[in-house]
Amino acid sequence: MIARPRRGFTLIELLVVIAIIAVLIALLLPAVQAAREAARRSQCTNNLKQIGLALHNYHTANDCFAMGASFQPQAAPAATNYAMWGSFSAQALLLGYMEQTPLYNAANFSWGPLDAGNVNRTVTRTIINTYLCPSDTNSGSGKQNINNYAASFGTTTNGMFNWTDQPPQLNNQVPSGSSGMFTFAIPYGIRDCVDGTSNTVAYSEWVVGDGRGMHYGNQNPPSLYRGNYLIGGTGTFTALYSGSSNPTATLAGLAACAASFTQANAPAISDFKGWYWAMGTAGFSMFNTIQTPNDAVYRFGGCRLGDTNAGDWPDSSNAVGAASFHPGGCNVLFADGSVKFIKDSVNRNTWWALGTRAGGEVVSADSY
């Protein structure tokens, strides 16, 4: 019997096989990533639908939507200062309608969400998956950054309150309302939505901070990440009940924020956005429609312009933008309970019109 020599792979053949496998993986990987993002976007849409369902169940029970920020003492029932930074959010008020009844029952609404005695600390630090967008890798990553969804106070840029310091009520913030579906200490309902619930934004998703901002002695090098916040800077932002009523002043304010959101103003950059779902405050649980979704012109997460104390909270914010990691736009909940994907390319005037509940604008569905 004649023994035949065994033939193995040559080096060239091996390299060709490896190259073919690499090409196949390169072709397959984007498809896998796209499928994963489609699933994450679907989960995000479902989260907003759950919030919308809770809003309407709350409305059925109370003839109005939950307040964006409840009128509560800052620290305790005996406190004499009433301010937005001591208020519960709509998300907190909706817990009983979102299969979170035990958490709702555990909250003491006679005290503030972050009172000095830590009465509600366990509740407010609880991570609720329905309030997290799976596409934002920074959300739910620590004790802060636990809220990806925010209630809309429309095109208002004035903080939703008037401030008075008349004893015995020091730091008293008197509700002044907003042009959106939510505001501080005033409940709005379907009857207040003159523009129609299908044409009025109720909630949107946003991108939380990245943990690299200056706040309360944090010495992490601040970053210009689009989820981060400007507390300070130079310039003025005209305070308006509806910013769309004065586009020139509003755009000038946005430009001033963008000009100050630079590394040169690092001490004024914080990562406050999305810190607490239970806090009824702009920047924590409320946004406005001054910036467009994923705004490519004004690339910052939020702005409280001209504040002299960079450690202040974002409760008097002039602009707080919607944003997401979904390619091309953001998921947005409308007041009728529907969730729509709003493109990044939406016209600014259209977005402003969708933000107001009684602006009288006529918005065609094909414009967004």
# chains A, B, ... in the order shown; residues from 1 in each chain; ligands from 1
>>> residues_around(residues="stretch 48-63 of chain A", least_positions_apart="6", cutoff="9 Å", atoms="only C-alpha atoms", output="list in words")
Ala90, Gln91, Leu93, Leu94, Leu95, Gly96, Tyr97, Met98, Thr130, Tyr131, Tyr149, Gly189, Ile190, Ala202, Tyr203, Ser204, Glu205, Asn331, Val332, Leu333, Phe334, Ala335, Asp336, Gly337, Ser338 and Val339 of chain A
>>> write_last_selection(atoms="C-alpha atoms", output="compact mmCIF listing (two decimals), in the first residue's frame")
# COMPACT_ATOMS: atom_id res chain seq x y z
CA ALA A 90 -45.25 64.32 38.58
CA GLN A 91 -43.34 61.03 38.40
CA LEU A 93 -47.29 61.57 42.21
CA LEU A 94 -47.92 58.94 39.52
CA LEU A 95 -46.30 56.04 41.39
CA GLY A 96 -49.65 54.65 42.54
CA TYR A 97 -50.75 54.38 38.90
CA MET A 98 -47.58 52.67 37.67
CA THR A 130 -39.61 52.53 33.81
CA TYR A 131 -37.83 55.87 34.29
CA TYR A 149 -38.03 61.19 31.26
CA GLY A 189 -55.89 69.07 32.61
CA ILE A 190 -57.36 68.23 29.23
CA ALA A 202 -46.51 66.02 27.71
CA TYR A 203 -43.22 64.18 28.29
CA SER A 204 -39.97 63.55 26.47
CA GLU A 205 -36.82 61.60 27.04
CA ASN A 331 -39.35 59.52 21.74
CA VAL A 332 -42.00 62.01 22.87
CA LEU A 333 -45.22 61.43 24.80
CA PHE A 334 -48.15 63.62 23.79
CA ALA A 335 -50.98 64.67 26.07
CA ASP A 336 -53.39 62.22 24.40
CA GLY A 337 -51.19 59.32 25.55
CA SER A 338 -49.62 58.61 22.16
CA VAL A 339 -45.85 58.28 21.73
>>> residues_around(residues="stretch 302-311 of chain A", least_positions_apart="2", cutoff="10 Å", atoms="only C-alpha atoms", output="MDAnalysis selection string")
chainID A and resid 157 159 214:217 226:238 253:254 256:258 260:261 266:273 282:283 287:288 291 298:300 313:322
>>> closest_residue(among="A:Trp206, A:Tyr225, A:Phe284, A:Trp351", to="A:Cys44", atoms="only C-alpha atoms")
A:Trp206
>>> closest_residue(among="A:Asp195, A:Glu361, A:Asp366, A:Glu99", to="A:Met181", atoms="only C-alpha atoms")
A:Asp195
>>> closest_residue(among="A:Ala107, A:Val208, A:Ile290, A:Met279", to="A:Phe325", atoms="only C-alpha atoms")
A:Val208
>>> residues_around(residues="A:Ser345", least_positions_apart="6", cutoff="10 Å", atoms="only C-alpha atoms", output="VMD selection string")
chain A and resid 292 to 296 328 to 329 368
>>> write_last_selection(atoms="N, CA and C atoms", output="compact mmCIF listing (two decimals), in the first residue's frame")
# COMPACT_ATOMS: atom_id res chain seq x y z
N THR A 292 -34.43 72.27 20.41
CA THR A 292 -35.01 71.16 19.66
C THR A 292 -34.38 69.85 20.14
N PRO A 293 -34.99 68.71 19.86
CA PRO A 293 -34.40 67.42 20.27
C PRO A 293 -32.98 67.25 19.71
N ASN A 294 -32.05 66.89 20.58
CA ASN A 294 -30.65 66.71 20.18
C ASN A 294 -30.14 67.94 19.43
N ASP A 295 -30.45 69.11 19.94
CA ASP A 295 -30.20 70.38 19.26
C ASP A 295 -28.75 70.46 18.76
N ALA A 296 -28.59 70.54 17.45
CA ALA A 296 -27.26 70.58 16.85
C ALA A 296 -26.68 71.99 16.85
N GLY A 328 -31.37 59.72 15.08
CA GLY A 328 -32.32 60.53 14.31
C GLY A 328 -33.36 61.30 15.08
N GLY A 329 -33.51 61.07 16.39
CA GLY A 329 -34.54 61.81 17.10
C GLY A 329 -34.80 61.32 18.50
N TYR A 368 -43.63 67.05 11.44
CA TYR A 368 -42.69 66.47 12.40
C TYR A 368 -42.69 64.97 12.32
>>> closest_residue(among="A:Pro134, A:Gly180, A:Gly112, A:Pro327", to="A:Asp344", atoms="only C-alpha atoms")
A:Pro327
>>> select_by_dssp(residues="stretch 93-318 of chain A", states="strand (DSSP E)", output="PyMOL selection string")
chain A and resi 149-152+161-166+169-175+201-205+229-232+269-270+286-287+302-305
>>> write_last_selection(atoms="N, CA and C atoms", output="mmCIF file, in the first residue's frame")
data_model
loop_
_atom_site.group_PDB
_atom_site.id
_atom_site.type_symbol
_atom_site.label_atom_id
_atom_site.label_comp_id
_atom_site.auth_asym_id
_atom_site.auth_seq_id
_atom_site.Cartn_x
_atom_site.Cartn_y
_atom_site.Cartn_z
ATOM 1 N N TYR A 149 -36.774 60.658 31.798
ATOM 2 C CA TYR A 149 -38.026 61.191 31.256
ATOM 3 C C TYR A 149 -38.466 62.418 32.042
ATOM 4 N N ALA A 150 -38.934 63.418 31.315
ATOM 5 C CA ALA A 150 -39.244 64.693 31.948
ATOM 6 C C ALA A 150 -40.559 65.254 31.431
ATOM 7 N N ALA A 151 -41.287 65.920 32.336
ATOM 8 C CA ALA A 151 -42.546 66.572 32.002
ATOM 9 C C ALA A 151 -42.275 67.930 31.367
ATOM 10 N N SER A 152 -43.091 68.309 30.406
ATOM 11 C CA SER A 152 -42.858 69.537 29.654
ATOM 12 C C SER A 152 -43.531 70.746 30.289
ATOM 13 N N PHE A 161 -42.303 80.590 38.447
ATOM 14 C CA PHE A 161 -42.682 81.161 39.746
ATOM 15 C C PHE A 161 -42.164 82.590 39.858
ATOM 16 N N ASN A 162 -42.758 83.343 40.783
ATOM 17 C CA ASN A 162 -42.270 84.657 41.168
ATOM 18 C C ASN A 162 -41.751 84.557 42.594
ATOM 19 N N TRP A 163 -40.595 85.126 42.845
ATOM 20 C CA TRP A 163 -39.932 84.963 44.132
ATOM 21 C C TRP A 163 -40.244 86.130 45.060
ATOM 22 N N THR A 164 -40.641 85.805 46.299
ATOM 23 C CA THR A 164 -40.840 86.837 47.316
ATOM 24 C C THR A 164 -40.122 86.428 48.595
ATOM 25 N N ASP A 165 -39.642 87.405 49.323
ATOM 26 C CA ASP A 165 -38.958 87.161 50.599
ATOM 27 C C ASP A 165 -39.611 87.994 51.692
ATOM 28 N N GLN A 166 -40.874 87.705 51.958
ATOM 29 C CA GLN A 166 -41.627 88.430 52.975
ATOM 30 C C GLN A 166 -41.855 87.515 54.175
ATOM 31 N N GLN A 169 -42.582 83.857 55.417
ATOM 32 C CA GLN A 169 -42.323 82.923 54.327
ATOM 33 C C GLN A 169 -41.119 83.371 53.512
ATOM 34 N N LEU A 170 -39.925 83.050 53.995
ATOM 35 C CA LEU A 170 -38.712 83.359 53.263
ATOM 36 C C LEU A 170 -38.518 82.358 52.128
ATOM 37 N N ASN A 171 -37.849 82.792 51.084
ATOM 38 C CA ASN A 171 -37.638 81.935 49.903
ATOM 39 C C ASN A 171 -38.965 81.429 49.350
ATOM 40 N N ASN A 172 -39.981 82.238 49.423
ATOM 41 C CA ASN A 172 -41.302 81.812 48.964
ATOM 42 C C ASN A 172 -41.422 82.003 47.453
ATOM 43 N N GLN A 173 -41.694 80.920 46.748
ATOM 44 C CA GLN A 173 -41.866 80.979 45.301
ATOM 45 C C GLN A 173 -43.349 80.873 44.968
ATOM 46 N N VAL A 174 -43.905 81.956 44.445
ATOM 47 C CA VAL A 174 -45.330 82.023 44.132
ATOM 48 C C VAL A 174 -45.548 81.482 42.721
ATOM 49 N N PRO A 175 -46.384 80.467 42.540
ATOM 50 C CA PRO A 175 -46.590 79.870 41.214
ATOM 51 C C PRO A 175 -47.068 80.909 40.195
ATOM 52 N N VAL A 201 -47.069 68.409 23.596
ATOM 53 C CA VAL A 201 -46.092 67.529 24.238
ATOM 54 C C VAL A 201 -46.381 67.443 25.736
ATOM 55 N N ALA A 202 -46.359 66.225 26.268
ATOM 56 C CA ALA A 202 -46.509 66.024 27.705
ATOM 57 C C ALA A 202 -45.172 65.645 28.340
ATOM 58 N N TYR A 203 -44.499 64.667 27.775
ATOM 59 C CA TYR A 203 -43.217 64.184 28.289
ATOM 60 C C TYR A 203 -42.254 63.953 27.130
ATOM 61 N N SER A 204 -40.987 63.961 27.440
ATOM 62 C CA SER A 204 -39.969 63.555 26.467
ATOM 63 C C SER A 204 -38.839 62.858 27.209
ATOM 64 N N GLU A 205 -38.047 62.140 26.455
ATOM 65 C CA GLU A 205 -36.821 61.596 27.037
ATOM 66 C C GLU A 205 -35.705 62.628 26.914
ATOM 67 N N TYR A 229 -24.776 70.427 32.157
ATOM 68 C CA TYR A 229 -25.586 71.606 32.426
ATOM 69 C C TYR A 229 -24.717 72.838 32.657
ATOM 70 N N LEU A 230 -25.220 74.001 32.256
ATOM 71 C CA LEU A 230 -24.553 75.263 32.546
ATOM 72 C C LEU A 230 -25.313 75.988 33.655
ATOM 73 N N ILE A 231 -24.658 76.163 34.793
ATOM 74 C CA ILE A 231 -25.228 76.939 35.905
ATOM 75 C C ILE A 231 -24.342 78.163 36.087
ATOM 76 N N GLY A 232 -24.676 79.240 35.415
ATOM 77 C CA GLY A 232 -23.846 80.436 35.470
ATOM 78 C C GLY A 232 -23.599 80.961 34.076
ATOM 79 N N ILE A 269 -20.095 74.258 34.834
ATOM 80 C CA ILE A 269 -20.683 73.082 34.190
ATOM 81 C C ILE A 269 -20.952 71.993 35.226
ATOM 82 N N SER A 270 -22.188 71.545 35.289
ATOM 83 C CA SER A 270 -22.568 70.496 36.232
ATOM 84 C C SER A 270 -23.144 69.304 35.478
ATOM 85 N N MET A 286 -38.207 67.950 34.851
ATOM 86 C CA MET A 286 -38.988 68.778 33.941
ATOM 87 C C MET A 286 -38.078 69.396 32.886
ATOM 88 N N PHE A 287 -38.606 69.551 31.668
ATOM 89 C CA PHE A 287 -37.853 70.161 30.571
ATOM 90 C C PHE A 287 -38.742 71.159 29.843
ATOM 91 N N GLY A 302 -28.667 71.793 29.395
ATOM 92 C CA GLY A 302 -29.567 72.750 30.014
ATOM 93 C C GLY A 302 -28.797 73.995 30.390
ATOM 94 N N CYS A 303 -29.519 75.061 30.735
ATOM 95 C CA CYS A 303 -28.857 76.322 31.005
ATOM 96 C C CYS A 303 -29.637 77.151 32.020
ATOM 97 N N ARG A 304 -28.963 77.533 33.099
ATOM 98 C CA ARG A 304 -29.462 78.539 34.033
ATOM 99 C C ARG A 304 -28.469 79.688 33.950
ATOM 100 N N LEU A 305 -28.717 80.582 33.025
ATOM 101 C CA LEU A 305 -27.740 81.583 32.646
ATOM 102 C C LEU A 305 -27.626 82.693 33.692
#
>>> residues_around(residues="A:Thr183", least_positions_apart="4", cutoff="9 Å", atoms="only C-alpha atoms", output="PyMOL selection string")
chain A and resi 67-70+151-154+160+175-179+187-188+286
>>> select_by_dssp(residues="stretch 170-212 of chain A", states="helix (DSSP H, G or I)", output="MDAnalysis selection string")
chainID A and resid 190:192 197:199
>>> write_last_selection(atoms="N, CA and C atoms", output="short mmCIF file (atom, residue, chain, number, x, y, z; two decimals), in the first residue's frame")
data_model
loop_
_atom_site.label_atom_id
_atom_site.label_comp_id
_atom_site.auth_asym_id
_atom_site.auth_seq_id
_atom_site.Cartn_x
_atom_site.Cartn_y
_atom_site.Cartn_z
N ILE A 190 -56.99 68.22 30.64
CA ILE A 190 -57.36 68.23 29.23
C ILE A 190 -58.12 69.49 28.87
N ARG A 191 -58.93 70.00 29.79
CA ARG A 191 -59.69 71.23 29.53
C ARG A 191 -58.79 72.43 29.27
N ASP A 192 -57.56 72.38 29.78
CA ASP A 192 -56.61 73.48 29.59
C ASP A 192 -55.82 73.36 28.30
N THR A 197 -54.91 67.70 22.65
CA THR A 197 -53.96 66.81 23.33
C THR A 197 -53.03 66.09 22.36
N SER A 198 -53.48 65.88 21.11
CA SER A 198 -52.63 65.20 20.13
C SER A 198 -51.58 66.13 19.53
N ASN A 199 -51.68 67.42 19.85
CA ASN A 199 -50.72 68.40 19.33
C ASN A 199 -49.91 69.06 20.45
#
>>> closest_residue(among="A:His326, A:Ser285, A:Asn265, A:Asn349", to="A:Asn246", atoms="only C-alpha atoms")
A:Asn349
>>> closest_residue(among="A:Ser139, A:Thr281, A:Ser242, A:Thr262", to="A:Asp210", atoms="only C-alpha atoms")
A:Ser139
>>> atom_distance(atom1="atom CA of A:Arg36", atom2="atom CA of A:Thr137")
13.6 Å
>>> atom_distance(atom1="atom CA of A:Phe341", atom2="atom CA of A:Val297")
20.0 Å
